[in-house]
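Data first, discussion second: the structure below is written as structure tokens.
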Protein chains: 2
Amino acid sequence: MTETTDLPRAAATRARLLDAAVSAFAERGFHATTTRDIAAAAGMSPAALYVHHQSKEELLYLISRSGHERTLALVRDGLVGSEDPVKQLVSVVRRFAIDHARGHTVARVVNYELAALSPEHFEEIRQIRQEIDHEVRRLVESGMAAGVFQVRDAGMTTLALLSLGIDIARWYRDEGTWTPEDIGDHYAELALRIVGVDLSSL
Amino acid sequence: MTETTDLPRAAATRARLLDAAVSAFAERGFHATTTRDIAAAAGMSPAALYVHHQSKEELLYLISRSGHERTLALVRDGLVGSEDPVKQLVSVVRRFAIDHARGHTVARVVNYELAALSPEHFEEIRQIRQEIDHEVRRLVESGMAAGVFQVRDAGMTTLALLSLGIDIARWYRDEGTWTPEDIGDHYAELALRIVGVDLSSL
DNA sequence: AACTGCTGACTAAGCGCTTGCTTACTTGCT
DNA sequence: AGCAAGTAAGCAAGCGCTTAGTCAGCAGTT
């Protein structure tokens with residue numbers, strides 16, 4: 001029995017198909033991408049896609065799930081390094097921005113193709129998004145409670161912080177002058193301004 | 001000859017088709033929308049669409065063009081009320097945010113379906129977007145020159161301001177608790193923080 | 001070392017359906 | 001009577017996905 005161990009060859013092919021799907025979905029969108037496009041980009045016949053995946057939508061779901069789980073983990077990683085809300089905010093926003101710039105292809109699929117998921121898959125993804133929102137909201141509220149963030153509305157501020165980060169996936173181009181790290185640093189400063197931290201005190 | 005005067009009936013039908021297209025494109029995306037969807041939503045047969053428009057893509061182009069022109073005009077209107085960069089920024093961001101919230105359906109099509117335009121149409125739209133960017137950039141630079149905006153990078157700040165406004169189209173829901181005006185006020189304040197205006201001085 | 005039977009990876013061909021759009025025609029207002 | 005507005009029917013192309021099969025590699029027998 002070789003069921004349990006993922007055979008290297010099959011795993012590699014699955015990964016190639018997923019990579020091809022990410023590129024195609026990011027560039028043209030889910031509905032404008034054909035299964036023939038994906039298979040051709042992976043160097044295979046259209047039928048091969050169905051050897052490794054149940055449907056075109058399953059590809060989107062797998063991409064979307066791993067992308068969202070990655071972002072959630074990245075946000076949580078940014079929180080554990082310190083107890084100081086200011087440092088946490090800088091760390092979270094910086095990571096979030098860098099990841100959305102460097103991985104803008106995946107991030108585009110993750111954030112702009114949600115409507116193409118099946119209702120069941122969408123619901124699962126929606127919950128991960130909610131957890132991400134929740135982590136950032138808690139951070140904002142802890143900074144407010146500690147008196148270091150001067151914020152009028154925690155919900156609106158949380159939304160604005162996430163919104164800025166997500167929208168990087170829309171506008172970022174590899175040919176641009178800013179590196180993902182430049183953007184991360186800049187956005188961390190913007191975040192501090194947004195939450196009303198006095199920058200001269202740093 | 002009745003060529004010059006747009007006959008009321010035809011004009012009304014054209015508008016109904018455009019409205020139906022906006023709703024459908026915003027909800028499902030351009031490629032997931034069929035001409036039958038649009039025609040049915042406008043209460044007509046599929047063929048009627050082609051009495052009034054050349055193609056499905058033409059509908060997207062007309063929506064995109066008028067939407068972009070509207071946004072450009074709105075930004076320019078926000079600039080003429082005052083010579084003070086602070087007041088101009090508040091006015092521009094407030095209008096921009098309110099319009100993207102209230103008109104989130106159009107704004108979604110305008111900002112997220114650009115890839116579905118023909119190359120020629122895309123180029124035309126891209127130029128309008130560039131003009132919008134340019135107006136905001138000039139505003140940021142004028143505030144820097146006047147010494148009232150404390151900004152490290154004019155380009156990044158311009159991008160962040162526009163980014164926040166555009167992303168409203170993605171997350172705004174009619175069922176939410178905030179009105180477009182609430183969002184406009186909040187975003188105007190966020191904009192002032194982003195450009196480093198001391199809020200206690202207002 | 002040769003043979004046999006089996007399995008997982010992959011494909012050629014194509015099915016049933018939907019798509020954007022057209023054609024030939026009818027309707028109803030002026 | 002004439003013409004713009006609108007439709008029923010359908011065409012060619014392309015879609016997601018399936019079917020039936022090929023083929024390389026490998027374990028077990030001889």
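All residue names refer to the structure tokens as shown: chains lettered A, B, ... in order, residues numbered from 1 in each chain, ligands numbered from 1 in order.
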Would you write out, as a tab-separated table, a table of all residues in chain B that have an atom no more than 7 Å from an atom of chain A, listing for each the closest atom pair and the distance in Å to one decimal, considering only C-alpha atoms and ordering rows by chain and rising residue number?
```
residue	atom	partner	partner_atom	distance
B:Arg28	CA	A:Ala115	CA	6.7
B:His31	CA	A:His31	CA	5.7
B:Ala32	CA	A:His31	CA	5.9
B:Ala115	CA	A:Arg28	CA	6.8
B:Ala160	CA	A:Leu164	CA	6.9
B:Ser163	CA	A:Asp167	CA	6.3
B:Leu164	CA	A:Leu164	CA	5.7
B:Asp167	CA	A:Ser163	CA	6.2
B:Leu190	CA	A:Ile194	CA	6.0
B:Arg193	CA	A:Arg193	CA	5.6
B:Ile194	CA	A:Arg193	CA	5.9
```
Resulting file, chosen residues, C-alpha atoms, as a PDB file, in the first residue's frame:
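again26.pdb, freshly written:
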```pdb
ATOM      1  CA  ARG B  28     -20.794  38.230 -10.469  1.00  0.00           C
ATOM      2  CA  HIS B  31     -17.035  37.085 -17.447  1.00  0.00           C
ATOM      3  CA  ALA B  32     -19.542  35.310 -15.213  1.00  0.00           C
ATOM      4  CA  ALA B 115      -8.838  43.475 -17.372  1.00  0.00           C
ATOM      5  CA  ALA B 160      -2.232  55.133   0.032  1.00  0.00           C
ATOM      6  CA  SER B 163      -5.968  52.984  -2.252  1.00  0.00           C
ATOM      7  CA  LEU B 164      -8.043  53.510   0.875  1.00  0.00           C
ATOM      8  CA  ASP B 167     -10.965  49.657  -1.547  1.00  0.00           C
ATOM      9  CA  LEU B 190      -7.594  59.329   8.367  1.00  0.00           C
ATOM     10  CA  ARG B 193      -3.369  61.728   9.873  1.00  0.00           C
ATOM     11  CA  ILE B 194      -1.706  60.067   6.886  1.00  0.00           C
TER      12      ILE B 194
END
```
Could you write out as a PyMOL selection string the residues of chain C within 8 Å of chain A, counting only C-alpha atoms (C1' of nucleotides)? chain C and resi 9-11
To test your reading of the structure, identify every residue in stretch 31-187 of chain B that backbone DSSP assigns to helix (DSSP H, G or I), and report it as a PyMOL selection string. chain B and resi 35-41+46-52+56-80+85-102+104-112+114-116+119-145+154-171+180-187
Counting only C-alpha atoms (C1' of nucleotides), chain D residues within 12 Å of chain B, as a list in words: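 So the contacting residues turn out to be DC3, DA4, DA5, DG6, DT7, DA8, DA9 and DG10 of chain D.
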D:DC11 environment, 12 Å, only C-alpha atoms (C1' of nucleotides), sequence neighbours closer than 4 positions dropped, as JSON, numbers by chain: {"C": [19, 20, 21, 22, 23]}
Write the residues of the preceding selection, restricted to N, CA and C atoms (P, O5', C5', C4', C3', O3' and C1' of nucleotides), as a JSON list (two decimals), in the first residue's frame.
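Generated output (again36.json):
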```json
[["chain", "number", "residue", "atom", "x", "y", "z"],
["C", 19, "DT", "P", -24.61, 30.70, -20.21],
["C", 19, "DT", "O5'", -23.69, 31.41, -21.30],
["C", 19, "DT", "C5'", -22.26, 31.34, -21.20],
["C", 19, "DT", "C4'", -21.63, 31.77, -22.51],
["C", 19, "DT", "C3'", -22.25, 33.04, -23.08],
["C", 19, "DT", "O3'", -21.54, 34.16, -22.57],
["C", 19, "DT", "C1'", -21.85, 31.36, -24.78],
["C", 20, "DG", "P", -22.16, 35.64, -22.75],
["C", 20, "DG", "O5'", -21.70, 36.10, -24.19],
["C", 20, "DG", "C5'", -20.32, 36.16, -24.55],
["C", 20, "DG", "C4'", -20.22, 36.48, -26.03],
["C", 20, "DG", "C3'", -20.89, 37.77, -26.46],
["C", 20, "DG", "O3'", -20.07, 38.43, -27.44],
["C", 20, "DG", "C1'", -21.90, 35.95, -27.60],
["C", 21, "DC", "P", -20.50, 39.88, -28.01],
["C", 21, "DC", "O5'", -21.38, 39.46, -29.26],
["C", 21, "DC", "C5'", -20.80, 38.61, -30.26],
["C", 21, "DC", "C4'", -21.88, 38.15, -31.23],
["C", 21, "DC", "C3'", -22.72, 39.26, -31.85],
["C", 21, "DC", "O3'", -22.36, 39.38, -33.22],
["C", 21, "DC", "C1'", -24.00, 37.33, -31.30],
["C", 22, "DT", "P", -23.10, 40.35, -34.24],
["C", 22, "DT", "O5'", -24.09, 39.37, -34.98],
["C", 22, "DT", "C5'", -23.60, 38.15, -35.51],
["C", 22, "DT", "C4'", -24.67, 37.47, -36.35],
["C", 22, "DT", "C3'", -25.45, 38.40, -37.29],
["C", 22, "DT", "O3'", -25.51, 37.75, -38.56],
["C", 22, "DT", "C1'", -26.97, 37.22, -35.89],
["C", 23, "DT", "P", -26.05, 38.55, -39.85],
["C", 23, "DT", "O5'", -27.41, 37.78, -40.19],
["C", 23, "DT", "C5'", -27.52, 36.40, -39.92],
["C", 23, "DT", "C4'", -28.96, 35.94, -40.10],
["C", 23, "DT", "C3'", -29.81, 36.80, -41.05],
["C", 23, "DT", "O3'", -30.60, 35.96, -41.86],
["C", 23, "DT", "C1'", -30.86, 36.69, -38.95]]
```
Spatial neighbours of D:DG16, 12 Å, only C-alpha atoms (C1' of nucleotides), chain gap at least 6 places, as an MDAnalysis selection string: (chainID A and resid 31 33:36 46:47 49:50 54:57) or (chainID C and resid 15:18)
Would you mind listing what lies within 12 Å of A:Glu141 as a count of residues only, with only C-alpha atoms (C1' of nucleotides) counted and same-chain residues fewer than 2 positions away left out? 26
Enter the distance from atom CA of B:Val75 to atom CA of B:Arg14, in Å, rounded to one decimal.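 Between atom CA of B:Val75 and atom CA of B:Arg14 the gap works out to 27.6 Å.
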Quick one: everything within 6 Å of A:Pro180, counting only C-alpha atoms (C1' of nucleotides), minus sequence neighbours fewer than 3 positions away in the same chain. Send it as a VMD selection string. chain A and resid 98 101 to 102 183
For B:Leu72, list every protein, DNA or RNA residue within 12 Å, evaluated using only C-alpha atoms (C1' of nucleotides), and leave out those in the same chain fewer than 3 positions away; present the list as a list in words.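 That gives Arg65, Ser66, Gly67, His68, Glu69, Val75, Arg76, Asp77, Gly78, Leu79, Val92, Arg95, Phe96, Asp99, Ile125, Gln127, Ile128, Arg129, Gln130, Glu131, Ile132, Asp133, His134, Glu135 and Val136 of chain B.
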